[in-house]
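**Student:** Handing you this structure, nothing more for now.
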Amino acid sequence: MSFGKQMRLRREELGLPRNTLAEELGVSPSAISNYENDLSSPKGEILLRLFDALQVEPNYLYQDSFRSASFTCTPKERELIEKCRSLSPIGCRTVHAVVDALCEYRNELSRDVGRLVDFEPRRIPLYRSPAAAGFASPVFGEDFDYLTCDESVPCGAEFAVRIQGDSMEPHIANGSIVYVNREALQNGDVGIFCVDGDMLCKQYYRDPLGMTYLFSLNRAREDADVVFGAGSGRTLVCFGRVMLDHRVALPGM
């Protein structure tokens, strides 16, 4: 038996005239006729008021529809229906309100799909070498390009550098790209540094006595390490922290 027929039978059981029911629901008598002939369905608050007017639980008018061939529930949907049946009338109204809000949100997203399609992905500079990252005003097309960020680029990355040389292997291969942000370095972090005008990618360590060590991760290239103290007269500038997916132990520590 359809929703409309179940509704009409219940109204007649209660001796409730169509006009009276229409007045209680705040709709026209013709709307009640359409509901009972399955030409349209009550929505939202009208449906909730209908349950109250007919003094039935929400599932009552749909009970045969659930068994019909044209209405097939998945196990998850049946589980949700059973949970809804166990709620009080106030709980059922809350469920309807939440579902209505979610549907409205879905419709808003659909209306905004044009704007979503036009969304421009984030881009960051990709410097062709650590030296290019140290330029005050690198030349676009010569010293850097723009890199379009996808899911492989860390969210906090502010720029990228293509590494030259083997001193950071095997963790950072020659020619590979590293992503860099401008967070302060901690001991053991890898950074992009300018040392006396030379741009380097190294692992940072500062000891309690103020000595600064810039280590090569490739210990076969420890000849490329840099060590200096606060009074050495040498210059050191850090341009950012390399965002590795794992921490690398300091040499001998």
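Residue names in the structure tokens use chain letters A, B, ... in the order shown, residue numbers from 1 in each chain, and ligand numbers from 1 in the order shown.
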Counting only C-alpha atoms, what is within 7 Å of Val237 (chain A), bar same-chain residues fewer than 5 positions away, as a CSV table (one decimal) with all heavy atoms, in the first residue's frame?
**Tutor:**
```
chain,number,residue,atom,x,y,z
A,193,PHE,N,71.2,27.5,3.7
A,193,PHE,CA,72.1,28.5,4.3
A,193,PHE,C,72.9,29.3,3.3
A,193,PHE,O,73.3,28.8,2.2
A,193,PHE,CB,73.1,27.8,5.3
A,193,PHE,CG,72.4,27.0,6.4
A,193,PHE,CD1,72.2,25.7,6.2
A,193,PHE,CD2,72.0,27.6,7.6
A,193,PHE,CE1,71.6,24.9,7.2
A,193,PHE,CE2,71.4,26.9,8.6
A,193,PHE,CZ,71.1,25.5,8.4
A,194,CYS,N,73.2,30.5,3.7
A,194,CYS,CA,74.2,31.3,3.0
A,194,CYS,C,75.4,31.5,3.9
A,194,CYS,O,75.3,32.1,5.0
A,194,CYS,CB,73.7,32.6,2.6
A,194,CYS,SG,74.9,33.7,1.7
A,195,VAL,N,76.6,30.9,3.6
A,195,VAL,CA,77.8,31.0,4.4
A,195,VAL,C,78.8,31.7,3.6
A,195,VAL,O,79.3,31.2,2.5
A,195,VAL,CB,78.3,29.6,4.8
A,195,VAL,CG1,79.6,29.7,5.6
A,195,VAL,CG2,77.2,28.8,5.5
```
**Student:** Looking only at the backbone, which of the residues in region 12-234 of chain A does DSSP tag as strand (DSSP E), as JSON, numbers by chain?
**Tutor:** {"A": [123, 124, 125, 126, 127, 144, 145, 146, 147, 148, 159, 160, 161, 162, 177, 178, 179, 180, 181, 190, 191, 192, 193, 194, 195, 198, 199, 200, 201, 202, 203, 204, 205, 206, 212, 213, 214, 215, 226, 227, 228]}
**Student:** Could you give me, as a list in words, the residues within 8 Å of region 35-47 of chain A, counting only C-alpha atoms and dropping anything in the same chain fewer than 6 positions from it?
**Tutor:**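 Near region 35-47 of chain A, the qualifying residues are Ser2, Phe3, Gly4, Lys5, Met7, Arg8, Leu25, Gly26, His96, Ala97 and Asp100 of chain A.
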**Student:** Pick out the closest residue to Val180 (chain A) from this set: A:Pro89, A:Gly15, A:Pro208, A:Pro154. Count only C-alpha atoms.
**Tutor:**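 Nearest to Val180 (chain A): A:Pro154.
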**Student:** In Å, with one decimal, what is the gap from CA of Ser176 (chain A) to CA of Arg122 (chain A)?
**Tutor:**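 Separation of CA of Ser176 (chain A) and CA of Arg122 (chain A): 20.7 Å.
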**Student:** Could you tell me which of A:Thr20, A:Asn107, A:Gln6, A:Thr212 comes closest to Val226 (chain A) if we count only C-alpha atoms?
**Tutor:**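 Using only C-alpha atoms, the shortest distance to Val226 (chain A) belongs to A:Thr212.
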**Student:** I'd like the interatomic distance between CA of Cys149 (chain A) and CA of Ile124 (chain A), to a tenth of an Å.
**Tutor:**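 Computing the Euclidean distance for CA of Cys149 (chain A) and CA of Ile124 (chain A) yields 7.2 Å.
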**Student:** For Arg128 (chain A), which of A:Ala157, A:Ile172, A:Ile177, A:Met211 is the closest residue, counting only C-alpha atoms?
**Tutor:**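 The closest residue to Arg128 (chain A) is A:Ile177.
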**Student:** I'd like the interatomic distance between CA of Asp198 (chain A) and CA of Pro130 (chain A), to a tenth of an Å.
**Tutor:** 8.9 Å
**Student:** Check the smallest atom-to-atom distance from each of A:Ser86, A:Gly231, A:Ile192, A:Arg11 to Gly210 (chain A) using only C-alpha atoms, then report the winner.
**Tutor:**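 Checking each candidate against Gly210 (chain A), we get A:Gly231 as the closest.
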**Student:** For Asp225 (chain A), which residue among A:Thr148, A:Asn181, A:Gln203, A:Asn19 is the nearest when counting only C-alpha atoms?
**Tutor:**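 Smallest separation from Asp225 (chain A) among the options: A:Gln203.
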**Student:** Name the residues in contact with Arg123 (chain A) at a cut-off of 9 Å, using only C-alpha atoms, excluding same-chain residues fewer than 2 positions from it; report them as JSON, numbers by chain.
**Tutor:** {"A": [120, 121, 125, 146, 147, 148, 149, 159]}
